[in-house]
Amino acid sequence: RRYCDRLREVCFDWPGGFVAHHYTRYLGDLSGGQYIGVQVRKNLGLAAGDDGVKFYRFPGKPKSYKDRYRALLDTAPWDEGERARVIAEVKRAYHLNAAITTDLTETLRIEPAA
């Protein structure tokens, strides 16, 4: 709920807020998605082709997409104040996402991977 509330606060009226949360989720999923998909499969007893892990399958190699995404961020027309604000929001988004993982782990009683 906290994460959804934050999205409503910053993503509809502030483009930098939307970008900060998109960056955190999407690039985070591209970076760690394959590992997370394996863990989800193991913990939920799913097969590699199951729809329950479809989100974690990415066609092609995401590195070129991530590099392009970061290059566009580096050239975004933001002044230093706006850039600092976006970076602060990325950090906040990261912590909110981590809290979701913690909450899900406790709720689903998932044991950490060894």
# chains A, B, ... in the order shown; residues from 1 in each chain; ligands from 1

$ residues_around --residues "A:Asp5" --least-positions-apart "5" --cutoff "12 Å" --atoms "only C-alpha atoms" --output "list in words"
Val10, Cys11, Phe12, Ala93 and Leu96 of chain A

$ select_by_dssp --residues "chain A" --states "alpha helix (DSSP H)" --output "PyMOL selection string"
chain A and resi 2-10+15-22+28-44+62-74+80-108

$ residues_around --residues "stretch 53-66 of chain A" --least-positions-apart "6" --cutoff "9 Å" --atoms "only C-alpha atoms" --output "CSV table (one decimal) with N, CA and C atoms, in the first residue's frame"
chain,number,residue,atom,x,y,z
A,27,LEU,N,14.4,-1.6,-15.0
A,27,LEU,CA,15.8,-2.0,-15.1
A,27,LEU,C,16.2,-2.9,-14.0
A,29,ASP,N,14.2,-5.3,-12.9
A,29,ASP,CA,13.7,-6.5,-13.4
A,29,ASP,C,14.6,-7.1,-14.5
A,30,LEU,N,15.0,-6.2,-15.4
A,30,LEU,CA,15.9,-6.7,-16.4
A,30,LEU,C,17.3,-7.2,-15.8
A,31,SER,N,17.7,-6.5,-14.8
A,31,SER,CA,19.0,-6.9,-14.2
A,31,SER,C,18.9,-8.1,-13.4
A,32,GLY,N,17.9,-8.3,-12.6
A,32,GLY,CA,17.8,-9.4,-11.7
A,32,GLY,C,16.7,-10.4,-12.0
A,33,GLY,N,16.0,-10.1,-13.1
A,33,GLY,CA,14.8,-10.9,-13.4
A,33,GLY,C,15.0,-12.3,-13.6
A,34,GLN,N,16.0,-12.7,-14.3
A,34,GLN,CA,16.3,-14.1,-14.5
A,34,GLN,C,16.5,-14.9,-13.2
A,35,TYR,N,17.3,-14.3,-12.4
A,35,TYR,CA,17.5,-14.9,-11.1
A,35,TYR,C,16.2,-15.0,-10.2
A,36,ILE,N,15.5,-13.8,-10.2
A,36,ILE,CA,14.3,-13.8,-9.5
A,36,ILE,C,13.3,-14.8,-10.0
A,37,GLY,N,13.2,-14.9,-11.3
A,37,GLY,CA,12.3,-15.9,-11.9
A,37,GLY,C,12.6,-17.3,-11.5
A,38,VAL,N,13.9,-17.7,-11.4
A,38,VAL,CA,14.3,-19.0,-10.9
A,38,VAL,C,13.8,-19.2,-9.4
A,40,VAL,N,11.4,-17.6,-7.9
A,40,VAL,CA,9.9,-17.7,-7.8
A,40,VAL,C,9.5,-19.1,-8.2
A,41,ARG,N,10.1,-19.6,-9.3
A,41,ARG,CA,9.8,-21.0,-9.7
A,41,ARG,C,10.0,-22.0,-8.6
A,46,LEU,N,6.8,-24.0,-9.7
A,46,LEU,CA,6.4,-23.8,-11.1
A,46,LEU,C,7.4,-24.3,-12.0
A,47,ALA,N,7.0,-24.7,-13.2
A,47,ALA,CA,7.9,-25.1,-14.3
A,47,ALA,C,8.4,-23.8,-15.0

$ closest_residue --among "A:Leu7, A:Thr24, A:Pro15, A:Leu44" --to "A:His95" --atoms "only C-alpha atoms"
A:Thr24

$ closest_residue --among "A:Glu9, A:Glu80, A:Tyr23, A:Trp14" --to "A:Tyr94" --atoms "only C-alpha atoms"
A:Tyr23

$ residues_around --residues "A:Ala20" --least-positions-apart "4" --cutoff "8 Å" --atoms "only C-alpha atoms" --output "VMD selection string"
chain A and resid 16 24 86 to 87 89 to 90 93
